[in-house]
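Below is one structure; the comments refer to it alone.
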Amino acid sequence: SDVTYLLAHGVGVDALQEEGGEPELVTSYCASLRAALSASASASASSTSVVASAAPAASTSPASKATPAPDASTRYTDEIALRHYRFALVDYARLVFSRFVTDADPRTFEAANSAPRALNTGVIYRDPRAPLRFVERVDAALTIVETELDASTRGGSAMDKEQDFSA
């Protein structure tokens, strides 16, 4: 949800429309998240091994040997992240659509840009191209979500038939 909010309010329309744009920003965020999770898991494993080496020897029976859980940094794939992002975008659109200014014109956007707190106003309310681009992004995400939900009701999965989200 935080990534959705950031991309809707803090990233300019031109950056989102560049080749790769939105999906690339989401996957870049996920790469950073995975690196942080991996570093955290490594640090946690190091501190656990120090504690374990100071503890009395544990039982060596097969029942006492637990299989380590898969590293969270490898389980949260770009595909899963983009899926979560699409759901968050569709959900967040409910709030944004309820706040769209229906009588906006170039003067409305000019006023938002010249306001004393303009930097605290989302791009979607400052750039006249942003609301239309937001609607297009939500429409593309909703199309994929609907396809996935339709497939799941028929017993299949739309994740194997991923559509281009950058449309």
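Chain labels A, B, ... are given in the sequence in which chains occur in the structure tokens; within each chain residues are numbered consecutively from 1, and ligands are likewise numbered from 1 in the order shown.
Counting only C-alpha atoms, Phe97 of chain A has the following residues at most 10 Å away, ignoring those fewer than 5 positions along the same chain: A:Tyr92, A:Thr102, A:Pro131, A:Phe134, A:Val135.
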Preceding selection exported with all heavy atoms as an mmCIF file, in the first residue's frame:
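Everything below was put into selection12.cif:
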data_model
loop_
_atom_site.group_PDB
_atom_site.id
_atom_site.type_symbol
_atom_site.label_atom_id
_atom_site.label_comp_id
_atom_site.auth_asym_id
_atom_site.auth_seq_id
_atom_site.Cartn_x
_atom_site.Cartn_y
_atom_site.Cartn_z
ATOM 1 N N TYR A 92 -6.768 1.482 -3.417
ATOM 2 C CA TYR A 92 -6.464 2.886 -3.168
ATOM 3 C C TYR A 92 -7.271 3.812 -4.088
ATOM 4 O O TYR A 92 -7.611 4.930 -3.703
ATOM 5 C CB TYR A 92 -4.968 3.140 -3.329
ATOM 6 C CG TYR A 92 -4.559 4.534 -2.982
ATOM 7 C CD1 TYR A 92 -4.827 5.059 -1.721
ATOM 8 C CD2 TYR A 92 -3.941 5.350 -3.915
ATOM 9 C CE1 TYR A 92 -4.473 6.358 -1.407
ATOM 10 C CE2 TYR A 92 -3.588 6.644 -3.602
ATOM 11 C CZ TYR A 92 -3.855 7.136 -2.341
ATOM 12 O OH TYR A 92 -3.512 8.417 -2.035
ATOM 13 N N THR A 102 -14.002 17.365 -9.595
ATOM 14 C CA THR A 102 -14.768 17.150 -10.826
ATOM 15 C C THR A 102 -14.790 18.366 -11.733
ATOM 16 O O THR A 102 -15.049 18.238 -12.914
ATOM 17 C CB THR A 102 -16.219 16.735 -10.507
ATOM 18 O OG1 THR A 102 -16.803 17.738 -9.675
ATOM 19 C CG2 THR A 102 -16.246 15.394 -9.802
ATOM 20 N N PRO A 131 -4.257 12.724 -13.219
ATOM 21 C CA PRO A 131 -5.509 11.995 -12.965
ATOM 22 C C PRO A 131 -5.879 11.024 -14.078
ATOM 23 O O PRO A 131 -6.274 9.892 -13.806
ATOM 24 C CB PRO A 131 -6.562 13.111 -12.837
ATOM 25 C CG PRO A 131 -5.789 14.317 -12.450
ATOM 26 C CD PRO A 131 -4.448 14.175 -13.126
ATOM 27 N N PHE A 134 -3.619 8.080 -13.872
ATOM 28 C CA PHE A 134 -3.998 7.250 -12.730
ATOM 29 C C PHE A 134 -5.174 6.350 -13.101
ATOM 30 O O PHE A 134 -5.171 5.156 -12.812
ATOM 31 C CB PHE A 134 -4.345 8.123 -11.518
ATOM 32 C CG PHE A 134 -4.652 7.331 -10.279
ATOM 33 C CD1 PHE A 134 -3.638 6.755 -9.529
ATOM 34 C CD2 PHE A 134 -5.963 7.158 -9.861
ATOM 35 C CE1 PHE A 134 -3.918 6.018 -8.389
ATOM 36 C CE2 PHE A 134 -6.258 6.429 -8.727
ATOM 37 C CZ PHE A 134 -5.228 5.862 -7.980
ATOM 38 N N VAL A 135 -6.183 6.918 -13.771
ATOM 39 C CA VAL A 135 -7.344 6.134 -14.198
ATOM 40 C C VAL A 135 -6.901 5.022 -15.148
ATOM 41 O O VAL A 135 -7.358 3.882 -15.038
ATOM 42 C CB VAL A 135 -8.414 7.041 -14.856
ATOM 43 C CG1 VAL A 135 -9.498 6.211 -15.527
ATOM 44 C CG2 VAL A 135 -9.014 7.985 -13.826
#
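Proximity to Ala118 of chain A at 12 Å, evaluated using only C-alpha atoms and with sequence-adjacent residues fewer than 5 positions away removed, yields A:His9, A:Gly10, A:Phe109, A:Glu110, A:Ala111, A:Ala112, A:Asn113, A:Val123, A:Ile124, A:Tyr125, A:Arg126, A:Asp127.
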Store the residues picked out above, limited to all heavy atoms, as a tab-separated table (two decimals), in the first residue's frame.
chain	number	residue	atom	x	y	z
A	9	HIS	N	1.31	9.57	-5.66
A	9	HIS	CA	1.41	10.95	-5.18
A	9	HIS	C	2.80	11.57	-5.30
A	9	HIS	O	2.91	12.79	-5.29
A	9	HIS	CB	0.96	11.04	-3.73
A	9	HIS	CG	-0.51	10.84	-3.58
A	9	HIS	ND1	-1.42	11.83	-3.80
A	9	HIS	CD2	-1.22	9.74	-3.26
A	9	HIS	CE1	-2.64	11.36	-3.61
A	9	HIS	NE2	-2.55	10.09	-3.30
A	10	GLY	N	3.83	10.76	-5.38
A	10	GLY	CA	5.17	11.32	-5.33
A	10	GLY	C	6.01	11.16	-6.57
A	10	GLY	O	7.11	11.69	-6.64
A	109	PHE	N	-5.11	23.31	-11.20
A	109	PHE	CA	-3.78	22.71	-11.05
A	109	PHE	C	-2.72	23.78	-10.81
A	109	PHE	O	-1.80	23.58	-10.04
A	109	PHE	CB	-3.45	21.85	-12.27
A	109	PHE	CG	-4.28	20.60	-12.33
A	109	PHE	CD1	-5.38	20.50	-13.18
A	109	PHE	CD2	-3.97	19.51	-11.54
A	109	PHE	CE1	-6.15	19.36	-13.22
A	109	PHE	CE2	-4.73	18.36	-11.57
A	109	PHE	CZ	-5.83	18.28	-12.41
A	110	GLU	N	-2.85	24.93	-11.48
A	110	GLU	CA	-1.91	26.04	-11.25
A	110	GLU	C	-1.97	26.49	-9.80
A	110	GLU	O	-0.94	26.74	-9.18
A	110	GLU	CB	-2.29	27.24	-12.15
A	110	GLU	CG	-1.42	27.41	-13.35
A	110	GLU	CD	-1.90	28.61	-14.18
A	110	GLU	OE1	-1.95	29.73	-13.63
A	110	GLU	OE2	-2.21	28.39	-15.35
A	111	ALA	N	-3.17	26.60	-9.27
A	111	ALA	CA	-3.33	27.02	-7.87
A	111	ALA	C	-2.70	26.01	-6.93
A	111	ALA	O	-2.06	26.38	-5.94
A	111	ALA	CB	-4.82	27.20	-7.55
A	112	ALA	N	-2.88	24.72	-7.23
A	112	ALA	CA	-2.28	23.68	-6.38
A	112	ALA	C	-0.75	23.78	-6.40
A	112	ALA	O	-0.10	23.59	-5.39
A	112	ALA	CB	-2.73	22.30	-6.83
A	113	ASN	N	-0.18	24.11	-7.56
A	113	ASN	CA	1.27	24.21	-7.69
A	113	ASN	C	1.83	25.46	-7.03
A	113	ASN	O	2.98	25.49	-6.62
A	113	ASN	CB	1.70	24.18	-9.16
A	113	ASN	CG	1.68	22.78	-9.70
A	113	ASN	OD1	2.17	21.86	-9.08
A	113	ASN	ND2	1.09	22.60	-10.87
A	123	VAL	N	1.12	14.60	-6.65
A	123	VAL	CA	1.26	14.89	-8.07
A	123	VAL	C	-0.08	14.78	-8.77
A	123	VAL	O	-0.40	15.56	-9.68
A	123	VAL	CB	2.29	13.92	-8.72
A	123	VAL	CG1	2.31	14.07	-10.23
A	123	VAL	CG2	3.66	14.13	-8.13
A	124	ILE	N	-0.90	13.86	-8.33
A	124	ILE	CA	-2.19	13.62	-8.97
A	124	ILE	C	-3.11	14.84	-8.90
A	124	ILE	O	-4.01	15.00	-9.71
A	124	ILE	CB	-2.86	12.37	-8.35
A	124	ILE	CG1	-3.90	11.80	-9.28
A	124	ILE	CG2	-3.40	12.66	-6.97
A	124	ILE	CD1	-4.29	10.41	-8.97
A	125	TYR	N	-2.84	15.73	-7.95
A	125	TYR	CA	-3.64	16.95	-7.81
A	125	TYR	C	-2.91	18.19	-8.33
A	125	TYR	O	-3.46	19.27	-8.32
A	125	TYR	CB	-4.02	17.17	-6.34
A	125	TYR	CG	-4.77	16.00	-5.76
A	125	TYR	CD1	-4.18	15.17	-4.81
A	125	TYR	CD2	-6.06	15.70	-6.18
A	125	TYR	CE1	-4.86	14.08	-4.29
A	125	TYR	CE2	-6.74	14.61	-5.67
A	125	TYR	CZ	-6.14	13.81	-4.72
A	125	TYR	OH	-6.81	12.73	-4.22
A	126	ARG	N	-1.65	18.01	-8.78
A	126	ARG	CA	-0.86	19.15	-9.26
A	126	ARG	C	-0.58	19.11	-10.76
A	126	ARG	O	-0.32	20.12	-11.36
A	126	ARG	CB	0.49	19.21	-8.53
A	126	ARG	CG	0.36	19.60	-7.08
A	126	ARG	CD	1.72	19.79	-6.43
A	126	ARG	NE	2.38	18.51	-6.23
A	126	ARG	CZ	3.64	18.26	-6.55
A	126	ARG	NH1	4.38	19.17	-7.11
A	126	ARG	NH2	4.16	17.08	-6.33
A	127	ASP	N	-0.59	17.92	-11.35
A	127	ASP	CA	-0.27	17.77	-12.77
A	127	ASP	C	-1.54	17.36	-13.50
A	127	ASP	O	-2.11	16.31	-13.20
A	127	ASP	CB	0.82	16.70	-12.95
A	127	ASP	CG	1.28	16.54	-14.38
A	127	ASP	OD1	0.53	16.90	-15.32
A	127	ASP	OD2	2.41	16.05	-14.57
Q: Could you jot down the atom CA of Val90 of chain A to atom CA of Ala141 of chain A separation for me, Å, one decimal place?
A: 6.8 Å
